[in-house]
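See structure below.
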Amino acid sequence: MLDGAITYEGRLLLHEVRLDVPPGHIVALLGPSGSGKSSLLRCIVGVQPLTSGSISWDGHDITGVATHRRGFGLVFQDALLFPHLNVAANIAFGLRFTSGEKINTRQRVEELLELVGLEGFSHRGVDTLSGGEAQRVALARALAPGPKLLCLDEPFGALDRDLRERLVHDVRDLLTLLGTPAIHVTHDPDEAEQLADEVRTIRDGSLDPRC
Amino acid sequence: MDSNRAALKAARPLGLALLPLAAVALLVAAPLWALLTEGLQPASWDTLVAGSTWRVMGYTTAQALVSTALSIGLALPVAFALYRLSIPGRRIWLALITIPFVLPTVVVGLAFRELLPFAGTTWAIIVAHVFFNVGLAVRVIGAVWGQLDGRLGEVAASLGASAFARFRLVTWPLLRPAITAASVLVFMFTFTSFGVVLVVGDPALPTIEVEIYQRAIQRLDLDAAAALAILQLVVVVFTLGLASRLQQRLSVVGVVADVSRREKPRGTGDYLAVSIAVFVAVAVILPIAQLVATSLQVGDSWGLTWYAEAFAPSDNTTRATPVAEALWISSRYAVVATMLALVLGMLAAISVTHLKRGQATLDTIVTLPLGISAVSIGLGLLLLSIGGPLDLRGWWLLVPLGQALVAMPIVVRVVLPVLRSIDPRLRDVAASLGARPIRVWLTVDGPLALRAAAVAGALSAAVSLGEFGATAFLARADTPTVPVQIVRLLSRPGEANLGQAAVLSVILVIVTATVVGVAERARPSKSTGW
């Protein structure tokens, strides 16, 4: 789906990247910090322009398509919940932009909370959540509009080990259940192995061929 | 060691804090008290219910609201460009935009009177007010905007929000406390604005401050003036109260960013914001250029005639010229006012840092004069000088005292953060080594306080030199300060008077800019606020 080169702050990070995500697959991008894996993800989501090359989805070129029209979900290392909204409003955020059939927002929020194991959290303020809970809400928020692809940028990096392992499993089950394809950026080989169907490593400015 | 510390704690609030605080409180409260006793009389009722009073109030409020809306509206794209985008010369644009805020009001008034084809109208007042306040609004809003985590917008985009939806649903709610704070400040400044309105406004349409001045000084109706000053104070206090309630309700801050990076501009919106920022920064120079041009324009040609005449009278008398006279008087007042403001402000700040309880209350009391307009301070002091057992009207010390009261909150704002930043354990260590309280203060707080005092002193001097609101009430006819002299020259017909006023203005701008520039450089980078 991606074929091109990526520059970050004037430095060529990745030359010649080719990356394909098969339907329903979870692909992990493994690499040390500064290797360009986050930039790669940012290019796919569309918040950073591609230096050269193209991105396509389902056979359509989407290189010039704005982020908000791509329909790719995004979860960062820190949950980055909207601080002025409560848990339910955070999850419902993306629902207001979905077109087509009218959805029952409240019901959908409850479903998602149940999916991520946070029933009854609707009215909690985001500043009352623990790190793990916040990350689960961020996940629910990203999944709410039914993204075509979920982009996870070190999503478990800020959590301690027990919590991380539990969440990795939950996320894996959840994505398999929903059939949502995902790209998972991490520097932790174990985590990549546990979550992904396929692990790709970034080395010396290019993506290793599929192992 | 324990007993030493206990003794220190006991000695702090009583010995050091209370006496100077009482003195400061008295000096702030006395003019206010004079206003209240003079203004709250049965006869004042007639003033308050008069139709003319409400026309003046309505007009003052309306022009302040329009000025505020335009200042904030212009400040938003500028703050975005200067605090969210990485653009070349960012610091220079930012510095340029901040200049107007330190310019003396009558000087700005003169500049716009000459610059604007529609001078003498309400729109001229509004343009001058926007010029004055847009930089302040940019700073207040930008300080928060610059810290917002840009990735919040990226998350919103990935959830399907367009640029407009991101601004409406994420940026705006998070900026709202800062925008409210900036709006309240700008409203207060434009509601209580005096010098600018007097010089550039329509003489037939006074704002509340101009009305107070005209009643007190031209019609000598002090009771009515005091009643109007109380009315104005009520509006200011009401606005502040409303603002603090709004702030509490809106406050969501604390969760904002630890990662923020200024992005390279991309897209039409970004470039539009950058153009607006550059336009505003360049527009700031226009009035200053106009001042210089006016001071150099002699008839149809250019020359230094007005500068020459400013210091050597053409009629060869030995009398000082209006320019030289005003400069001499203003510098003497500035020295006294600076010393007074420093002593009062430093004592207040030191007391506040050493108090265990009630810090917030004292903070408010000490900065109260910021909310009371300069005109009210001037009128209050004038009433005091007449109403006391001694007739002190025209006493020279009243002028620097009024200026010091106007400058004191700034001293506190500069010194307080520096003193608060000192680790209290340093004082404990010094005390444990056997130093007596006064010695502790001299070795620990002293050096830092001295530097802050130098900065505060420079700013006070700048305030004193440009101060017009309070001075207009207190300066005697034969001892005009620079701003008073500028207004007086402007009220006289003829090219020569305008030229002299412009020369005085140029000199005042140069002195003020130098003083503030030096102060900004000497200022410890950590301190926040003003």
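Letters A, B, ... go to the chains of the structure tokens in the order shown; residues in each chain start at 1; ligands are counted from 1 in the same order.
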
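Taking only C-alpha atoms, the non-local environment of Gln485 (chain B) within 9 Å (same-chain residues fewer than 5 positions away omitted) comprises Pro322, Val323, Ala326, Pro480, Leu490, Ala501 and Leu504 of chain B.
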
What would the file look like if the residues just selected were written as a CSV table (one decimal), in the first residue's frame with N, CA, C and O atoms?
```
chain,number,residue,atom,x,y,z
B,322,PRO,N,8.9,74.8,26.0
B,322,PRO,CA,7.9,73.9,26.6
B,322,PRO,C,8.5,72.5,26.6
B,322,PRO,O,8.3,71.7,27.5
B,323,VAL,N,9.3,72.1,25.5
B,323,VAL,CA,9.9,70.8,25.5
B,323,VAL,C,10.9,70.5,26.6
B,323,VAL,O,10.8,69.6,27.4
B,326,ALA,N,9.2,70.4,30.1
B,326,ALA,CA,8.5,69.2,30.4
B,326,ALA,C,9.5,68.0,30.6
B,326,ALA,O,9.3,67.2,31.5
B,480,PRO,N,4.0,71.0,34.0
B,480,PRO,CA,3.5,69.9,33.1
B,480,PRO,C,4.5,68.9,32.9
B,480,PRO,O,5.7,69.2,32.6
B,490,LEU,N,-1.1,70.1,21.7
B,490,LEU,CA,-2.0,69.7,20.7
B,490,LEU,C,-3.3,70.5,20.7
B,490,LEU,O,-4.0,70.7,19.7
B,501,ALA,N,5.0,69.1,19.8
B,501,ALA,CA,4.4,67.9,20.4
B,501,ALA,C,5.0,66.6,19.9
B,501,ALA,O,5.2,65.6,20.6
B,504,LEU,N,8.5,66.1,21.3
B,504,LEU,CA,8.4,65.5,22.6
B,504,LEU,C,8.0,64.0,22.6
B,504,LEU,O,8.6,63.2,23.3
```

### Task
Taking only C-alpha atoms into account, report as a ChimeraX atom specification which residues of chain B lie within 7 Å of chain A.
/B:152,154-155,157-162,174,252,255

May I have the selected residues written with N, CA, C and O atoms, as a PDB file, in the first residue's frame?
```
ATOM      1  N   LEU B 152      -3.082  16.271  19.332  1.00  0.00           N
ATOM      2  CA  LEU B 152      -4.525  16.226  19.576  1.00  0.00           C
ATOM      3  C   LEU B 152      -5.276  16.502  18.278  1.00  0.00           C
ATOM      4  O   LEU B 152      -6.282  15.857  17.972  1.00  0.00           O
ATOM      5  N   GLU B 154      -4.069  15.961  15.311  1.00  0.00           N
ATOM      6  CA  GLU B 154      -3.848  14.833  14.403  1.00  0.00           C
ATOM      7  C   GLU B 154      -4.812  13.687  14.711  1.00  0.00           C
ATOM      8  O   GLU B 154      -5.357  13.048  13.808  1.00  0.00           O
ATOM      9  N   VAL B 155      -5.013  13.446  16.016  1.00  0.00           N
ATOM     10  CA  VAL B 155      -5.982  12.419  16.401  1.00  0.00           C
ATOM     11  C   VAL B 155      -7.365  12.794  15.877  1.00  0.00           C
ATOM     12  O   VAL B 155      -8.065  11.967  15.285  1.00  0.00           O
ATOM     13  N   ALA B 157      -8.117  14.657  13.374  1.00  0.00           N
ATOM     14  CA  ALA B 157      -8.151  14.497  11.919  1.00  0.00           C
ATOM     15  C   ALA B 157      -8.347  13.028  11.561  1.00  0.00           C
ATOM     16  O   ALA B 157      -9.140  12.689  10.675  1.00  0.00           O
ATOM     17  N   SER B 158      -7.643  12.148  12.274  1.00  0.00           N
ATOM     18  CA  SER B 158      -7.759  10.728  11.956  1.00  0.00           C
ATOM     19  C   SER B 158      -9.164  10.212  12.276  1.00  0.00           C
ATOM     20  O   SER B 158      -9.585   9.190  11.762  1.00  0.00           O
ATOM     21  N   LEU B 159      -9.889  10.943  13.134  1.00  0.00           N
ATOM     22  CA  LEU B 159     -11.260  10.540  13.457  1.00  0.00           C
ATOM     23  C   LEU B 159     -12.263  11.148  12.481  1.00  0.00           C
ATOM     24  O   LEU B 159     -13.466  10.980  12.631  1.00  0.00           O
ATOM     25  N   GLY B 160     -11.751  11.910  11.502  1.00  0.00           N
ATOM     26  CA  GLY B 160     -12.630  12.416  10.464  1.00  0.00           C
ATOM     27  C   GLY B 160     -12.927  13.905  10.538  1.00  0.00           C
ATOM     28  O   GLY B 160     -13.756  14.409   9.784  1.00  0.00           O
ATOM     29  N   ALA B 161     -12.267  14.642  11.466  1.00  0.00           N
ATOM     30  CA  ALA B 161     -12.574  16.062  11.618  1.00  0.00           C
ATOM     31  C   ALA B 161     -11.792  16.889  10.602  1.00  0.00           C
ATOM     32  O   ALA B 161     -10.574  16.782  10.519  1.00  0.00           O
ATOM     33  N   SER B 162     -12.505  17.747   9.863  1.00  0.00           N
ATOM     34  CA  SER B 162     -11.841  18.649   8.923  1.00  0.00           C
ATOM     35  C   SER B 162     -11.115  19.736   9.709  1.00  0.00           C
ATOM     36  O   SER B 162     -11.268  19.844  10.923  1.00  0.00           O
ATOM     37  N   LEU B 174     -10.148  24.345  24.082  1.00  0.00           N
ATOM     38  CA  LEU B 174      -8.947  24.335  24.913  1.00  0.00           C
ATOM     39  C   LEU B 174      -8.357  25.734  25.072  1.00  0.00           C
ATOM     40  O   LEU B 174      -7.713  26.034  26.067  1.00  0.00           O
ATOM     41  N   VAL B 252      -9.897  23.725  32.027  1.00  0.00           N
ATOM     42  CA  VAL B 252      -9.640  22.318  31.761  1.00  0.00           C
ATOM     43  C   VAL B 252      -8.139  22.096  31.652  1.00  0.00           C
ATOM     44  O   VAL B 252      -7.690  21.019  31.353  1.00  0.00           O
ATOM     45  N   VAL B 255      -3.973  19.221  31.481  1.00  0.00           N
ATOM     46  CA  VAL B 255      -3.778  18.009  30.706  1.00  0.00           C
ATOM     47  C   VAL B 255      -3.076  18.329  29.385  1.00  0.00           C
ATOM     48  O   VAL B 255      -2.745  17.439  28.635  1.00  0.00           O
TER      49      VAL B 255
END
```

### Message
From a backbone DSSP assignment, name each residue in region 90-159 of chain B labelled alpha helix (DSSP H), as a PyMOL selection string.
### Response
chain B and resi 90-102+105-115+122-145+150-158

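CA of Glu211 (chain B) to CA of Ala229 (chain B) spans 9.6 Å [interatomic distance, one decimal].
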
Would you pick out the contacts of Ala50 (chain B) at 12 Å or less, using only C-alpha atoms, so that residues sharing its chain but fewer than 5 positions from it are not included, and give the list as a PDB file with N, CA and C atoms, in the first residue's frame?
```pdb
ATOM      1  N   ALA B  43     -26.666  63.618  46.600  1.00  0.00           N
ATOM      2  CA  ALA B  43     -26.681  64.397  45.353  1.00  0.00           C
ATOM      3  C   ALA B  43     -26.159  63.579  44.170  1.00  0.00           C
ATOM      4  N   SER B  44     -25.314  62.580  44.466  1.00  0.00           N
ATOM      5  CA  SER B  44     -24.729  61.791  43.390  1.00  0.00           C
ATOM      6  C   SER B  44     -25.796  61.023  42.627  1.00  0.00           C
ATOM      7  N   TRP B  45     -26.892  60.736  43.309  1.00  0.00           N
ATOM      8  CA  TRP B  45     -27.962  59.968  42.694  1.00  0.00           C
ATOM      9  C   TRP B  45     -28.401  60.615  41.377  1.00  0.00           C
ATOM     10  N   ARG B  55     -25.810  57.442  28.525  1.00  0.00           N
ATOM     11  CA  ARG B  55     -25.296  57.517  27.152  1.00  0.00           C
ATOM     12  C   ARG B  55     -23.782  57.303  27.156  1.00  0.00           C
ATOM     13  N   VAL B  56     -23.109  57.982  28.108  1.00  0.00           N
ATOM     14  CA  VAL B  56     -21.654  57.843  28.198  1.00  0.00           C
ATOM     15  C   VAL B  56     -21.264  56.394  28.510  1.00  0.00           C
ATOM     16  N   MET B  57     -21.974  55.788  29.461  1.00  0.00           N
ATOM     17  CA  MET B  57     -21.665  54.400  29.817  1.00  0.00           C
ATOM     18  C   MET B  57     -21.882  53.469  28.633  1.00  0.00           C
ATOM     19  N   ALA B 224     -19.787  64.837  41.231  1.00  0.00           N
ATOM     20  CA  ALA B 224     -20.279  64.072  40.088  1.00  0.00           C
ATOM     21  C   ALA B 224     -19.154  63.197  39.522  1.00  0.00           C
ATOM     22  N   ALA B 227     -18.768  60.225  41.662  1.00  0.00           N
ATOM     23  CA  ALA B 227     -19.876  59.286  41.466  1.00  0.00           C
ATOM     24  C   ALA B 227     -19.652  58.457  40.206  1.00  0.00           C
ATOM     25  N   LEU B 228     -19.208  59.125  39.134  1.00  0.00           N
ATOM     26  CA  LEU B 228     -18.937  58.406  37.885  1.00  0.00           C
ATOM     27  C   LEU B 228     -17.781  57.424  38.064  1.00  0.00           C
TER      28      LEU B 228
END
```

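The residue set within 8 Å of Gly466 (chain B), counting only C-alpha atoms and dropping same-chain residues fewer than 6 places from it, reads Leu103, Pro104, Thr105, Val482, Pro483, Leu508 and Thr512 of chain B.
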
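In this comparison, which uses only C-alpha atoms, the residue of A:Asp204, A:Leu129, A:Asp153, A:Ala140 approaching Ala192 (chain A) most closely is A:Asp153.
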
### Query
Could you work out how far CA of Ile410 (chain B) lies from CA of Gln290 (chain B), giving the answer in Å with one decimal?
29.4 Å

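From CA of Val127 (chain B) back to CA of Ala513 (chain B), the distance works out to 21.8 Å.
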
### Query
In region 19-69 of chain A, what's strand (DSSP E) per DSSP? Answer as a list in words?
Leu19, Ile26, Val27, Ala28, Leu29, Leu30, Ser52, Gly53, Ser54, Ile55, Ser56, Trp57, His60 and Asp61 of chain A

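Residues in contact with Val440 (chain B) at up to 12 Å, not including ones fewer than 2 positions away on its chain and judged by only C-alpha atoms, are Asn4, Arg5, Leu8, Arg12, Pro424, Arg425, Leu426, Arg427, Asp428, Val429, Ala430, Ala431, Ser432, Leu433, Gly434, Ala435, Arg436, Pro437, Ile438, Leu442, Thr443, Val444, Asp445, Gly446 and Pro447 of chain B.
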
Would you export the selected residues with C-alpha atoms as an mmCIF file, in the first residue's frame, please?
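Dumped to part-v2.cif:
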```cif
data_model
loop_
_atom_site.group_PDB
_atom_site.id
_atom_site.type_symbol
_atom_site.label_atom_id
_atom_site.label_comp_id
_atom_site.auth_asym_id
_atom_site.auth_seq_id
_atom_site.Cartn_x
_atom_site.Cartn_y
_atom_site.Cartn_z
ATOM 1 C CA ASN B 4 16.392 28.928 65.567
ATOM 2 C CA ARG B 5 13.961 27.906 62.871
ATOM 3 C CA LEU B 8 12.607 32.603 62.379
ATOM 4 C CA ARG B 12 8.815 36.537 59.698
ATOM 5 C CA PRO B 424 12.653 27.987 50.867
ATOM 6 C CA ARG B 425 15.092 25.293 51.947
ATOM 7 C CA LEU B 426 17.919 27.687 51.037
ATOM 8 C CA ARG B 427 16.629 30.024 53.729
ATOM 9 C CA ASP B 428 16.396 27.148 56.182
ATOM 10 C CA VAL B 429 19.975 26.128 55.422
ATOM 11 C CA ALA B 430 21.177 29.679 55.979
ATOM 12 C CA ALA B 431 19.223 29.857 59.229
ATOM 13 C CA SER B 432 20.587 26.508 60.384
ATOM 14 C CA LEU B 433 24.086 27.858 59.849
ATOM 15 C CA GLY B 434 23.264 30.449 62.460
ATOM 16 C CA ALA B 435 22.282 33.412 60.319
ATOM 17 C CA ARG B 436 19.795 35.810 61.803
ATOM 18 C CA PRO B 437 16.592 36.466 59.786
ATOM 19 C CA ILE B 438 17.790 39.734 58.286
ATOM 20 C CA LEU B 442 20.327 39.543 52.614
ATOM 21 C CA THR B 443 22.326 36.494 51.564
ATOM 22 C CA VAL B 444 19.599 34.359 50.019
ATOM 23 C CA ASP B 445 16.901 36.620 48.624
ATOM 24 C CA GLY B 446 18.954 39.792 48.363
ATOM 25 C CA PRO B 447 21.018 39.222 45.219
#
```

### Exercise: Thr192 (chain B) partners within 10 Å, only C-alpha atoms, chain neighbours under 4 positions left out, as a list in words
Thr60, Thr61, Ala64, Val186, Phe187, Met188, Val197, Thr207, Ile208, Glu209, Val210, Gln232, Leu233, Val236, Gly371, Ile372, Ser373, Ala374, Val375, Ser376 and Gly469 of chain B

May I have the residues from that selection written out with C-alpha atoms, as a short mmCIF file (atom, residue, chain, number, x, y, z; two decimals), in the first residue's frame?
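Full text of again_11.cif as output:
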```
data_model
loop_
_atom_site.label_atom_id
_atom_site.label_comp_id
_atom_site.auth_asym_id
_atom_site.auth_seq_id
_atom_site.Cartn_x
_atom_site.Cartn_y
_atom_site.Cartn_z
CA THR B 60 -17.86 53.48 26.56
CA THR B 61 -19.05 49.88 26.77
CA ALA B 64 -14.73 48.69 24.41
CA VAL B 186 -8.44 44.03 26.69
CA PHE B 187 -11.96 45.03 27.74
CA MET B 188 -10.65 46.51 30.98
CA VAL B 197 -9.59 58.72 23.65
CA THR B 207 -16.07 57.92 27.28
CA ILE B 208 -16.53 57.52 31.03
CA GLU B 209 -12.89 58.39 31.77
CA VAL B 210 -12.96 61.52 29.63
CA GLN B 232 -16.83 52.79 36.51
CA LEU B 233 -15.25 50.87 39.38
CA VAL B 236 -14.61 46.86 36.42
CA GLY B 371 -8.17 47.36 38.10
CA ILE B 372 -8.73 50.89 39.37
CA SER B 373 -8.09 53.15 36.44
CA ALA B 374 -5.32 55.71 36.55
CA VAL B 375 -7.97 58.40 36.27
CA SER B 376 -9.66 57.13 39.44
CA GLY B 469 -4.40 59.45 33.57
#
```

### Query
Do you know which residues are at most 12 Å from Arg161 (chain A) counting only C-alpha atoms, after dropping those on the same chain fewer than 6 positions away, and could you put them as an MDAnalysis selection string?
chainID A and resid 132 167:168 188 190:191

Take the residues from that selection and write them out as a PDB file, in the first residue's frame, keeping N, CA, C and O atoms.
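So part_8.pdb came out as:
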```
ATOM      1  N   GLY A 132      -3.546   2.772  31.864  1.00  0.00           N
ATOM      2  CA  GLY A 132      -4.099   1.674  31.083  1.00  0.00           C
ATOM      3  C   GLY A 132      -5.518   1.968  30.635  1.00  0.00           C
ATOM      4  O   GLY A 132      -5.888   1.721  29.479  1.00  0.00           O
ATOM      5  N   LEU A 167      -2.910  -5.846  27.967  1.00  0.00           N
ATOM      6  CA  LEU A 167      -3.516  -5.006  26.941  1.00  0.00           C
ATOM      7  C   LEU A 167      -3.162  -5.513  25.538  1.00  0.00           C
ATOM      8  O   LEU A 167      -3.998  -5.498  24.629  1.00  0.00           O
ATOM      9  N   VAL A 168      -1.923  -5.988  25.373  1.00  0.00           N
ATOM     10  CA  VAL A 168      -1.514  -6.514  24.067  1.00  0.00           C
ATOM     11  C   VAL A 168      -2.443  -7.643  23.649  1.00  0.00           C
ATOM     12  O   VAL A 168      -2.941  -7.680  22.517  1.00  0.00           O
ATOM     13  N   ASP A 188       9.891  -2.889  20.605  1.00  0.00           N
ATOM     14  CA  ASP A 188       9.980  -4.070  21.454  1.00  0.00           C
ATOM     15  C   ASP A 188       9.647  -5.336  20.636  1.00  0.00           C
ATOM     16  O   ASP A 188       8.501  -5.552  20.258  1.00  0.00           O
ATOM     17  N   ASP A 190       9.388  -8.497  21.419  1.00  0.00           N
ATOM     18  CA  ASP A 190       8.415  -9.408  22.033  1.00  0.00           C
ATOM     19  C   ASP A 190       6.999  -8.940  21.774  1.00  0.00           C
ATOM     20  O   ASP A 190       6.120  -9.714  21.396  1.00  0.00           O
ATOM     21  N   GLU A 191       6.819  -7.631  21.999  1.00  0.00           N
ATOM     22  CA  GLU A 191       5.501  -7.047  21.830  1.00  0.00           C
ATOM     23  C   GLU A 191       5.040  -7.216  20.381  1.00  0.00           C
ATOM     24  O   GLU A 191       3.889  -7.590  20.126  1.00  0.00           O
TER      25      GLU A 191
END
```
